[in-house]
$ cat run15.txt   # compact mmCIF, C-alpha atoms
# COMPACT_ATOMS: atom_id res chain seq x y z
CA MET A 1 37.15 -199.40 -54.92
CA LYS A 2 35.26 -200.96 -51.98
CA ASP A 3 38.16 -200.18 -49.65
CA LYS A 4 37.86 -196.41 -50.22
CA HIS A 5 35.93 -193.89 -48.12
CA PHE A 6 32.26 -193.25 -48.90
CA GLU A 7 32.87 -189.85 -50.47
CA THR A 8 35.44 -191.32 -52.85
CA MET A 9 33.26 -194.28 -53.83
CA ALA A 10 30.29 -191.97 -54.43
CA ILE A 11 32.33 -190.23 -57.13
CA HIS A 12 34.40 -193.04 -58.63
CA ALA A 13 32.67 -196.42 -58.08
CA GLY A 14 31.08 -198.13 -61.07
CA GLY A 15 31.98 -198.03 -64.72
CA GLU A 16 35.59 -199.02 -64.07
CA GLY A 17 35.89 -200.10 -67.71
CA GLY A 18 36.63 -196.50 -68.70
CA LYS A 19 34.67 -193.71 -70.35
CA PRO A 20 34.37 -193.22 -74.13
CA GLY A 21 36.57 -190.48 -75.52
CA ASN A 22 38.36 -190.08 -72.18
CA ALA A 23 35.36 -188.10 -70.89
CA LEU A 24 35.47 -187.03 -67.25
CA ASN A 25 31.75 -187.74 -66.81
CA ASP A 26 29.92 -190.81 -67.99
CA PRO A 27 27.95 -190.18 -71.20
CA ILE A 28 24.22 -190.75 -71.53
CA PHE A 29 23.49 -193.71 -73.76
CA MET A 30 20.11 -192.60 -75.06
CA THR A 31 19.47 -195.62 -77.22
CA SER A 32 16.79 -198.29 -77.11
CA ALA A 33 18.79 -200.99 -78.90
CA PHE A 34 22.41 -202.00 -79.50
CA THR A 35 23.79 -203.41 -82.76
CA PHE A 36 25.78 -206.58 -83.44
CA ASP A 37 28.40 -207.49 -86.03
CA SER A 38 26.90 -210.93 -86.61
CA ILE A 39 24.15 -213.30 -85.52
CA GLU A 40 26.82 -215.23 -83.65
CA THR A 41 27.72 -212.25 -81.44
CA ALA A 42 24.01 -211.58 -80.94
CA ASN A 43 23.42 -215.16 -79.83
CA ALA A 44 26.32 -214.94 -77.41
CA ALA A 45 24.88 -211.77 -75.85
CA PHE A 46 21.40 -213.31 -75.50
CA ALA A 47 22.98 -216.35 -73.83
CA PHE A 48 24.88 -214.10 -71.35
CA GLU A 49 28.16 -215.42 -72.68
CA THR A 50 29.36 -211.85 -73.20
CA LYS A 51 28.66 -208.52 -71.53
CA ASP A 52 27.40 -206.97 -74.76
CA TYR A 53 24.27 -204.86 -74.47
CA VAL A 54 21.10 -205.85 -76.30
CA TYR A 55 18.19 -203.57 -75.35
CA THR A 56 17.85 -200.83 -72.74
CA ARG A 57 14.89 -202.56 -71.10
CA GLY A 58 17.38 -205.12 -69.83
CA ASN A 59 20.71 -203.33 -69.72
CA ASN A 60 22.28 -200.01 -70.62
CA PRO A 61 25.80 -198.62 -69.96
CA THR A 62 24.50 -195.53 -68.13
CA LEU A 63 22.23 -197.62 -65.93
CA ARG A 64 25.09 -199.99 -65.19
CA VAL A 65 27.21 -197.18 -63.79
CA LEU A 66 24.37 -196.28 -61.42
CA GLU A 67 23.73 -199.90 -60.45
CA GLU A 68 27.39 -200.65 -59.84
CA ARG A 69 27.87 -197.48 -57.79
CA MET A 70 24.86 -198.13 -55.59
CA ALA A 71 25.94 -201.75 -55.08
CA VAL A 72 29.33 -200.57 -53.83
CA LEU A 73 27.85 -197.90 -51.56
CA GLU A 74 25.37 -200.36 -50.00
CA GLY A 75 27.88 -203.20 -49.77
CA GLY A 76 25.95 -205.44 -52.15
CA SER A 77 26.98 -207.68 -55.03
CA ASP A 78 24.88 -205.87 -57.64
CA ALA A 79 21.81 -203.69 -58.10
CA VAL A 80 18.83 -203.16 -60.39
CA ALA A 81 17.55 -199.71 -61.37
CA PHE A 82 13.79 -199.18 -61.71
CA ALA A 83 11.52 -196.43 -63.01
CA SER A 84 10.23 -195.64 -59.49
CA GLY A 85 10.61 -196.63 -55.88
CA MET A 86 7.33 -198.55 -56.01
CA ALA A 87 8.49 -200.40 -59.13
CA ALA A 88 11.53 -201.54 -57.15
CA ILE A 89 9.53 -202.50 -54.05
CA SER A 90 6.75 -204.35 -55.88
CA SER A 91 9.17 -206.18 -58.17
CA VAL A 92 11.37 -207.29 -55.27
CA LEU A 93 8.43 -208.59 -53.25
CA LEU A 94 6.85 -210.39 -56.18
CA SER A 95 10.22 -211.97 -56.99
CA LEU A 96 10.42 -213.41 -53.46
CA LEU A 97 6.81 -214.49 -52.86
CA LYS A 98 4.41 -216.94 -54.48
CA PRO A 99 0.76 -217.89 -53.84
CA GLY A 100 0.44 -219.45 -50.40
CA ASP A 101 3.34 -217.48 -48.93
CA GLU A 102 3.11 -214.79 -46.29
CA ILE A 103 4.89 -211.49 -45.78
CA ILE A 104 5.29 -209.79 -42.41
CA ALA A 105 5.83 -206.04 -42.54
CA HIS A 106 6.10 -203.24 -40.03
CA ARG A 107 2.81 -201.56 -39.21
CA MET A 108 4.04 -198.13 -40.30
CA LEU A 109 5.21 -197.81 -43.90
CA TYR A 110 5.05 -195.40 -46.79
CA GLY A 111 1.38 -195.35 -47.81
CA SER A 112 1.79 -196.98 -51.22
CA SER A 113 4.04 -199.69 -49.76
CA GLN A 114 1.45 -200.44 -47.10
CA ASP A 115 -1.35 -200.52 -49.65
CA PHE A 116 0.61 -202.87 -51.93
CA ILE A 117 1.41 -205.26 -49.09
CA LYS A 118 -1.97 -205.09 -47.37
CA ASN A 119 -4.31 -204.99 -50.37
CA THR A 120 -2.53 -205.92 -53.63
CA LEU A 121 -0.46 -208.96 -52.64
CA PRO A 122 -3.49 -210.83 -51.19
CA GLN A 123 -5.11 -210.62 -54.65
CA TYR A 124 -2.32 -212.94 -55.81
CA GLY A 125 -2.72 -215.44 -52.99
CA ILE A 126 -0.01 -213.90 -50.82
CA SER A 127 -1.15 -213.14 -47.28
CA SER A 128 0.26 -210.27 -45.27
CA ARG A 129 0.41 -209.12 -41.69
CA LEU A 130 1.39 -205.68 -40.43
CA LEU A 131 2.98 -205.91 -37.00
CA ASN A 132 4.93 -203.74 -34.59
CA LEU A 133 8.43 -204.87 -35.50
CA VAL A 134 9.96 -202.56 -32.91
CA ASP A 135 8.84 -205.22 -30.41
CA LEU A 136 10.89 -208.28 -31.38
CA SER A 137 8.82 -210.54 -29.13
CA VAL A 138 5.82 -209.81 -31.34
CA LEU A 139 7.76 -210.83 -34.43
CA LYS A 140 9.03 -214.06 -32.87
CA GLY A 141 5.52 -215.07 -31.89
CA GLU A 142 3.99 -214.39 -35.31
CA ILE A 143 6.39 -216.13 -37.72
CA SER A 144 4.91 -219.24 -39.33
CA HIS A 145 6.06 -221.82 -41.88
CA ARG A 146 4.39 -219.67 -44.55
CA THR A 147 6.42 -216.55 -43.69
CA LYS A 148 8.93 -216.00 -46.48
CA VAL A 149 9.68 -212.26 -46.30
CA ILE A 150 10.03 -209.65 -43.55
CA TYR A 151 9.83 -206.09 -44.86
CA PHE A 152 10.32 -202.78 -43.09
CA GLU A 153 11.65 -199.24 -43.25
CA THR A 154 14.00 -197.88 -40.62
CA PRO A 155 13.62 -195.07 -39.79
CA ALA A 156 9.95 -195.66 -40.55
CA ASN A 157 7.82 -193.22 -42.51
CA PRO A 158 6.51 -190.99 -40.90
CA SER A 159 6.90 -192.14 -37.28
CA LEU A 160 10.71 -192.40 -37.52
CA GLU A 161 10.55 -195.61 -35.48
CA ILE A 162 13.84 -197.50 -35.40
CA ILE A 163 13.82 -201.25 -36.02
CA ASP A 164 16.77 -203.42 -35.00
CA ILE A 165 18.00 -204.67 -38.37
CA LYS A 166 20.56 -207.09 -36.97
CA ALA A 167 18.11 -208.62 -34.49
CA VAL A 168 15.36 -209.05 -37.10
CA CYS A 169 17.84 -210.68 -39.48
CA SER A 170 18.98 -213.04 -36.74
CA ILE A 171 15.40 -214.13 -36.12
CA ALA A 172 14.77 -214.53 -39.85
CA ALA A 173 17.96 -216.54 -40.43
CA ALA A 174 16.75 -219.34 -38.17
CA THR A 175 13.92 -220.14 -40.60
CA GLY A 176 15.38 -219.01 -43.94
CA ILE A 177 13.24 -215.89 -44.24
CA THR A 178 14.39 -213.13 -46.60
CA VAL A 179 14.71 -209.67 -45.04
CA VAL A 180 14.06 -206.62 -47.23
CA VAL A 181 14.83 -203.15 -45.85
CA ASP A 182 13.76 -199.83 -47.32
CA ASN A 183 16.77 -197.58 -46.69
CA THR A 184 15.35 -194.44 -48.34
CA PHE A 185 15.34 -192.26 -45.21
CA ALA A 186 18.83 -193.16 -44.01
CA THR A 187 20.64 -193.63 -47.36
CA PRO A 188 23.82 -195.75 -47.53
CA TYR A 189 25.71 -192.76 -46.16
CA SER A 190 24.09 -193.23 -42.74
CA GLN A 191 23.08 -196.91 -42.73
CA ARG A 192 24.00 -200.15 -44.54
CA PRO A 193 21.37 -202.85 -43.84
CA LEU A 194 23.21 -205.49 -45.90
CA ASP A 195 26.13 -205.26 -43.49
CA LEU A 196 23.69 -206.00 -40.66
CA GLY A 197 22.28 -209.13 -42.25
CA ALA A 198 19.56 -207.95 -44.63
CA HIS A 199 19.29 -209.70 -48.00
CA VAL A 200 17.88 -206.90 -50.14
CA VAL A 201 17.82 -203.11 -49.79
CA VAL A 202 15.39 -200.90 -51.70
CA HIS A 203 15.35 -197.15 -52.26
CA SER A 204 13.07 -194.58 -53.67
CA ALA A 205 16.00 -192.97 -55.48
CA THR A 206 13.67 -190.04 -56.16
CA LYS A 207 14.63 -188.84 -52.70
CA TYR A 208 18.14 -188.36 -51.29
CA ILE A 209 19.93 -190.38 -53.97
CA SER A 210 18.79 -187.77 -56.49
CA GLY A 211 18.66 -184.93 -54.00
CA HIS A 212 17.24 -182.38 -56.40
CA GLY A 213 13.59 -183.31 -56.89
CA ASP A 214 13.92 -183.73 -60.65
CA VAL A 215 13.56 -187.49 -61.17
CA VAL A 216 11.32 -190.40 -60.21
CA ALA A 217 13.37 -193.56 -59.72
CA GLY A 218 13.96 -196.67 -57.63
CA ILE A 219 16.75 -199.13 -57.04
CA ALA A 220 17.20 -202.50 -55.35
CA ILE A 221 20.53 -203.86 -54.12
CA GLY A 222 21.12 -207.48 -53.21
CA LYS A 223 23.76 -209.58 -51.53
CA ASP A 224 23.36 -212.50 -53.91
CA ARG A 225 24.38 -211.84 -57.52
CA ASP A 226 22.26 -214.69 -58.86
CA TYR A 227 19.18 -213.22 -57.18
CA VAL A 228 19.93 -209.79 -58.63
CA GLN A 229 20.17 -211.31 -62.11
CA LYS A 230 16.81 -213.02 -61.56
CA LEU A 231 15.30 -209.73 -60.40
CA LYS A 232 16.59 -207.88 -63.45
CA PHE A 233 15.85 -210.34 -66.23
CA GLY A 234 12.88 -212.14 -64.71
CA TYR A 235 11.01 -209.16 -63.23
CA LEU A 236 12.36 -205.78 -64.36
CA CYS A 237 12.43 -206.89 -67.99
CA GLU A 238 9.07 -208.64 -67.89
CA PHE A 239 7.19 -206.04 -65.85
CA GLY A 240 8.88 -203.23 -67.76
CA GLY A 241 9.48 -200.71 -64.96
CA VAL A 242 12.65 -199.49 -66.67
CA MET A 243 14.61 -196.37 -65.74
CA SER A 244 15.53 -193.89 -68.46
CA PRO A 245 19.29 -193.51 -69.16
CA PHE A 246 18.91 -189.77 -68.61
CA THR A 247 17.39 -190.41 -65.17
CA ALA A 248 20.29 -192.73 -64.35
CA TRP A 249 22.75 -190.03 -65.41
CA LEU A 250 21.06 -187.49 -63.13
CA LEU A 251 21.21 -189.96 -60.24
CA VAL A 252 24.91 -190.63 -60.80
CA ARG A 253 25.45 -186.89 -60.70
CA GLY A 254 23.38 -186.59 -57.52
CA ILE A 255 25.23 -189.38 -55.74
CA LYS A 256 28.51 -187.48 -56.07
CA THR A 257 27.30 -184.94 -53.48
CA LEU A 258 25.30 -187.35 -51.30
CA ALA A 259 27.73 -187.28 -48.38
CA LEU A 260 27.98 -183.48 -48.41
CA ARG A 261 24.23 -183.08 -48.64
CA MET A 262 23.44 -185.61 -45.92
CA ARG A 263 25.84 -183.97 -43.47
CA GLU A 264 24.16 -180.61 -43.96
CA HIS A 265 20.65 -182.09 -44.02
CA GLN A 266 21.31 -183.82 -40.70
CA THR A 267 22.85 -180.74 -39.08
CA ASN A 268 19.76 -178.74 -39.99
CA ALA A 269 17.42 -181.52 -38.88
CA LEU A 270 18.93 -181.71 -35.41
CA ALA A 271 18.63 -177.93 -35.04
CA ILE A 272 14.97 -178.04 -36.10
CA ALA A 273 14.21 -180.99 -33.81
CA ASN A 274 15.78 -179.24 -30.82
CA TYR A 275 13.86 -176.04 -31.60
CA LEU A 276 10.55 -177.92 -31.80
CA LYS A 277 11.37 -179.89 -28.66
CA GLY A 278 11.65 -176.66 -26.70
CA HIS A 279 8.56 -174.96 -28.14
CA PRO A 280 5.60 -174.73 -25.71
CA LYS A 281 3.05 -175.25 -28.51
CA VAL A 282 4.59 -178.54 -29.67
CA GLN A 283 3.33 -181.70 -27.99
CA LYS A 284 5.74 -184.27 -29.34
CA VAL A 285 8.76 -184.47 -31.63
CA TYR A 286 9.83 -187.57 -33.55
CA TYR A 287 13.52 -187.53 -34.46
CA PRO A 288 16.06 -190.32 -33.81
CA GLY A 289 18.77 -187.79 -32.99
CA LEU A 290 17.01 -186.61 -29.83
CA PRO A 291 18.38 -188.39 -26.75
CA ASP A 292 14.89 -189.03 -25.34
CA PHE A 293 13.52 -190.47 -28.59
CA PRO A 294 12.61 -194.14 -27.91
CA GLY A 295 14.84 -195.47 -30.69
CA HIS A 296 17.79 -193.14 -30.13
CA ALA A 297 20.20 -195.65 -28.56
CA LEU A 298 19.51 -198.27 -31.24
CA ALA A 299 19.82 -195.71 -34.03
CA ALA A 300 23.19 -194.65 -32.64
CA THR A 301 24.46 -198.23 -32.99
CA GLN A 302 23.20 -199.07 -36.50
CA MET A 303 23.33 -195.62 -38.10
CA SER A 304 26.22 -193.21 -38.54
CA GLY A 305 23.79 -190.27 -38.70
CA PHE A 306 20.18 -189.74 -37.72
CA GLY A 307 18.73 -188.62 -41.04
CA ALA A 308 16.91 -185.44 -41.98
CA MET A 309 13.24 -186.29 -41.48
CA VAL A 310 11.43 -184.76 -38.49
CA SER A 311 7.82 -185.34 -37.52
CA PHE A 312 5.91 -183.55 -34.79
CA GLU A 313 2.50 -182.95 -33.25
CA ILE A 314 1.20 -179.61 -32.04
CA ASN A 315 -1.40 -178.48 -29.52
CA GLY A 316 -4.89 -178.35 -30.94
CA GLY A 317 -4.75 -181.33 -33.24
CA LEU A 318 -5.57 -181.65 -36.93
CA ASN A 319 -7.17 -178.24 -37.54
CA GLN A 320 -4.23 -176.39 -36.04
CA ALA A 321 -1.82 -178.61 -37.94
CA LYS A 322 -3.53 -177.68 -41.21
CA GLU A 323 -3.33 -174.00 -40.30
CA LEU A 324 0.36 -174.27 -39.47
CA VAL A 325 1.16 -176.00 -42.76
CA ASN A 326 -0.79 -173.38 -44.70
CA ASN A 327 1.18 -170.58 -43.02
CA LEU A 328 4.66 -171.88 -43.78
CA GLN A 329 6.64 -170.02 -46.45
CA LEU A 330 10.07 -171.68 -46.84
CA PHE A 331 8.72 -175.17 -46.17
CA LYS A 332 6.86 -176.07 -49.35
CA LEU A 333 3.71 -178.19 -49.08
CA ALA A 334 4.49 -181.24 -51.19
CA VAL A 335 4.85 -184.99 -51.09
CA SER A 336 8.32 -186.52 -51.46
CA LEU A 337 11.44 -185.69 -49.48
CA GLY A 338 15.20 -185.48 -49.69
CA ASP A 339 15.33 -182.37 -51.87
CA CYS A 340 17.45 -179.24 -51.40
CA GLU A 341 14.20 -177.45 -50.58
CA SER A 342 12.54 -178.10 -47.21
CA LEU A 343 9.15 -179.76 -47.59
CA VAL A 344 6.15 -180.24 -45.30
CA GLN A 345 3.07 -182.43 -45.43
CA LEU A 346 0.34 -184.03 -43.33
CA PRO A 347 0.96 -187.75 -44.04
CA PHE A 348 -2.43 -189.08 -42.97
CA ALA A 349 -4.17 -186.60 -45.23
CA MET A 350 -1.73 -187.11 -48.11
CA THR A 351 0.82 -189.91 -48.66
CA HIS A 352 -0.56 -192.14 -45.89
CA ARG A 353 -4.27 -191.54 -46.40
CA SER A 354 -4.80 -195.30 -46.94
CA TYR A 355 -4.27 -195.80 -43.20
CA THR A 356 -7.48 -196.20 -41.21
CA ALA A 357 -8.14 -194.12 -38.11
CA LYS A 358 -7.64 -197.27 -36.02
CA GLU A 359 -4.29 -198.04 -37.62
CA VAL A 360 -3.10 -194.50 -36.93
CA LYS A 361 -4.29 -194.69 -33.32
CA ASP A 362 -2.82 -198.16 -32.75
CA ALA A 363 0.55 -196.84 -33.90
CA GLY A 364 0.33 -194.13 -31.24
CA LEU A 365 0.19 -191.32 -33.78
CA SER A 366 -2.12 -188.38 -34.36
CA PRO A 367 -4.03 -187.68 -37.59
CA GLY A 368 -2.52 -184.20 -37.30
CA LEU A 369 1.07 -185.43 -37.39
CA ILE A 370 3.24 -183.04 -39.42
CA ARG A 371 6.20 -184.41 -41.38
CA LEU A 372 9.15 -182.23 -42.36
CA SER A 373 11.84 -183.02 -44.89
CA ILE A 374 14.65 -180.73 -43.80
CA GLY A 375 16.43 -179.16 -46.74
CA LEU A 376 19.63 -177.23 -47.25
CA GLU A 377 18.47 -173.70 -46.46
CA HIS A 378 20.08 -171.94 -43.51
CA LYS A 379 18.77 -173.48 -40.28
CA GLU A 380 18.03 -170.09 -38.72
CA ASP A 381 15.73 -169.20 -41.62
CA LEU A 382 13.93 -172.52 -41.28
CA VAL A 383 13.44 -172.00 -37.54
CA ALA A 384 12.10 -168.50 -38.14
CA ASP A 385 9.61 -169.86 -40.69
CA LEU A 386 8.34 -172.47 -38.24
CA ASP A 387 8.22 -169.95 -35.43
CA LYS A 388 5.97 -167.57 -37.38
CA ALA A 389 3.68 -170.39 -38.52
CA LEU A 390 3.33 -171.80 -34.99
CA ASP A 391 2.50 -168.33 -33.69
CA LYS A 392 -0.28 -167.89 -36.28
CA ALA A 393 -1.71 -171.38 -35.95
CA ILE A 394 -1.99 -171.45 -32.15
CA ARG A 395 -2.87 -168.26 -30.36

$ encode --input "run15.txt" --output "C-alpha cells"
Amino acid sequence: MKDKHFETMAIHAGGEGGKPGNALNDPIFMTSAFTFDSIETANAAFAFETKDYVYTRGNNPTLRVLEERMAVLEGGSDAVAFASGMAAISSVLLSLLKPGDEIIAHRMLYGSSQDFIKNTLPQYGISSRLLNLVDLSVLKGEISHRTKVIYFETPANPSLEIIDIKAVCSIAAATGITVVVDNTFATPYSQRPLDLGAHVVVHSATKYISGHGDVVAGIAIGKDRDYVQKLKFGYLCEFGGVMSPFTAWLLVRGIKTLALRMREHQTNALAIANYLKGHPKVQKVYYPGLPDFPGHALAATQMSGFGAMVSFEINGGLNQAKELVNNLQLFKLAVSLGDCESLVQLPFAMTHRSYTAKEVKDAGLSPGLIRLSIGLEHKEDLVADLDKALDKAIR
C-alpha cells in the first residue's frame, strides 16, 4: 500500500486484514474489553505472543485502522492514537525525557505546548529552552550534553515561521538527539517530517485530520516500531489518554477526503493572503505561499503545499484588530482550525495568552496579530467578509 498515491492510501491503508461481514467501511468496535476462549489464549495475548485484543485502553480494532493509516501516510512504522493533541504531545515528550535532561523547542508554539514545555516539564526535573530555531546557528550554539529532544512546529503557530526540518535533524543526529515535529498545520498531505529525518511526528488530529470540527483527538507516529510500542503500552496505557473508537472511526472517515480538502483549503488561503497583501489597511501578512514571505523558499522545498493558515496585522493595533474580528460574519470567532468553516481568533488574547509581552515582542509579532483558518467556503465570499470588516474597523 505504501507505493500508492496519497489519495489512494488515505482511503485504503490500514486494516488490511479485512472487514467483518464484507463491510465496505470499517465497523466501530464500541467495547471496553475482549473475551478469550481460555486462560492460555489470554496469557498469550498479554505476553504479546498473539495480536489478540485485550482492552480498549491498550488496543482496539477501530483505533488500529486509524493508527495504521496515519503511519502509512506519514511514512512511519506505526502510530499511537490519543484522546487529544496535548495527550499525544505530553506523552511523547515524557517518554523521551527524564529528570536531568533538557529539551530545546522553538520560541513560537501552540500556547498549551509552550506552557507544558516551559512550565510543566521543569516541575519534573526536565529543563527547557525556547529558542529561535529558524536561525540554525543559534541551535548549534545552544545544544549541550543534556539536550535530548528538539521540538518544533513548522509552519509555526501562529507566526507561520518555517523551520528547516532536514537541517535540524542533521544537527541533532551528530549528538543522538531525538527530533519531534508537530505536523498539524501542514498535514502529511503537504509535508512528511519523517522523510526529512525526524524521529516522531505529532498531530492534533482535531484539526485537518478530522476536518469537520466534531472530535478532539491526537496521534503520534514514529519511525521506530519498538519506540511506538513503548509509547503505547508504557505511556498511553498508564497515563490513560485513550481515544474513543467512535472518534477513531470519525477520523478514518475524515482522512478519506484529506487530500481534496487540503487542495481547496490551500487554494482559498492563497487567494486570501494575496487579497490581504494588497489591502492598504493591512500592515503585514504571514503566509508561506507568498513569494516575499521569509520562509517561502524553504517551504517550497520541504512542503508540497503551503497550508491554509494565514496570519496578519492591521493598522491601528490591538483595538482595531478586536473590532475587525467582532465584525466578521463568515469567519467564526473560535479556537481550533482545520474545519470546513473559516475561523478567526486573536492568538495572544486566546490560545497563546500564556506568552508574555516580551516573548511576543522578541518574536517580532504584535499582540494584535489575527489568525485565520481558511475553510471551504467560496473564496470570493470570504474576501467580501474580510473587506467589509476591514472597512468598519479602520476608517

$ atom_distance --input "run15.txt" --atom1 "atom CA of A:Lys392" --atom2 "atom CA of A:Lys361"
27.3 Å

$ closest_residue --input "run15.txt" --among "A:His265, A:Lys358, A:Arg353, A:Lys232" --to "A:Phe306" --atoms "all atoms listed in the file"
A:His265

$ atom_distance --input "run15.txt" --atom1 "atom CA of A:His106" --atom2 "atom CA of A:Ala334"
24.7 Å

$ atom_distance --input "run15.txt" --atom1 "atom CA of A:Gly21" --atom2 "atom CA of A:Gly58"
24.8 Å

$ closest_residue --input "run15.txt" --among "A:Gln114, A:Ser354, A:Ser373, A:Thr62" --to "A:Leu333" --atoms "all atoms listed in the file"
A:Ser373

$ residues_near_point --input "run15.txt" --point "(31.2, -189.5, -52.9)" --cutoff "9 Å" --atoms "all atoms listed in the file" --output "list in words"
His5, Phe6, Glu7, Thr8, Met9, Ala10, Ile11, His12, Ala13, Ile255, Lys256, Thr257, Leu258, Ala259 and Leu260 of chain A

$ residues_around --input "run15.txt" --residues "A:Gln329" --least-positions-apart "3" --cutoff "12 Å" --atoms "only C-alpha atoms" --output "VMD selection string"
chain A and resid 324 to 326 332 to 333 341 to 344 381 to 389

$ write_last_selection --input "run15.txt" --atoms "C-alpha atoms" --output "compact mmCIF listing (two decimals), in the frame of the given file"
# COMPACT_ATOMS: atom_id res chain seq x y z
CA LEU A 324 0.36 -174.27 -39.47
CA VAL A 325 1.16 -176.00 -42.76
CA ASN A 326 -0.79 -173.38 -44.70
CA LYS A 332 6.86 -176.07 -49.35
CA LEU A 333 3.71 -178.19 -49.08
CA GLU A 341 14.20 -177.45 -50.58
CA SER A 342 12.54 -178.10 -47.21
CA LEU A 343 9.15 -179.76 -47.59
CA VAL A 344 6.15 -180.24 -45.30
CA ASP A 381 15.73 -169.20 -41.62
CA LEU A 382 13.93 -172.52 -41.28
CA VAL A 383 13.44 -172.00 -37.54
CA ALA A 384 12.10 -168.50 -38.14
CA ASP A 385 9.61 -169.86 -40.69
CA LEU A 386 8.34 -172.47 -38.24
CA ASP A 387 8.22 -169.95 -35.43
CA LYS A 388 5.97 -167.57 -37.38
CA ALA A 389 3.68 -170.39 -38.52

$ closest_residue --input "run15.txt" --among "A:Leu94, A:Val180, A:Leu109, A:Ile117" --to "A:Ala363" --atoms "all atoms listed in the file"
A:Leu109

$ closest_residue --input "run15.txt" --among "A:Thr120, A:Thr50, A:Ser137, A:Thr247" --to "A:Ser90" --atoms "only C-alpha atoms"
A:Thr120

$ closest_atom_pairs --input "run15.txt" --of "stretch 223-275 of chain A" --to "stretch 290-297 of chain A" --cutoff "10 Å" --atoms "all atoms listed in the file" --output "JSON lines"
{"residue": "A:Leu270", "atom": "CA", "partner": "A:Leu290", "partner_atom": "CA", "distance": 7.7}
{"residue": "A:Ala273", "atom": "CA", "partner": "A:Leu290", "partner_atom": "CA", "distance": 7.4}
{"residue": "A:Asn274", "atom": "CA", "partner": "A:Leu290", "partner_atom": "CA", "distance": 7.5}

$ closest_residue --input "run15.txt" --among "A:Lys166, A:His352, A:His199, A:Lys223" --to "A:Thr178" --atoms "all atoms listed in the file"
A:His199
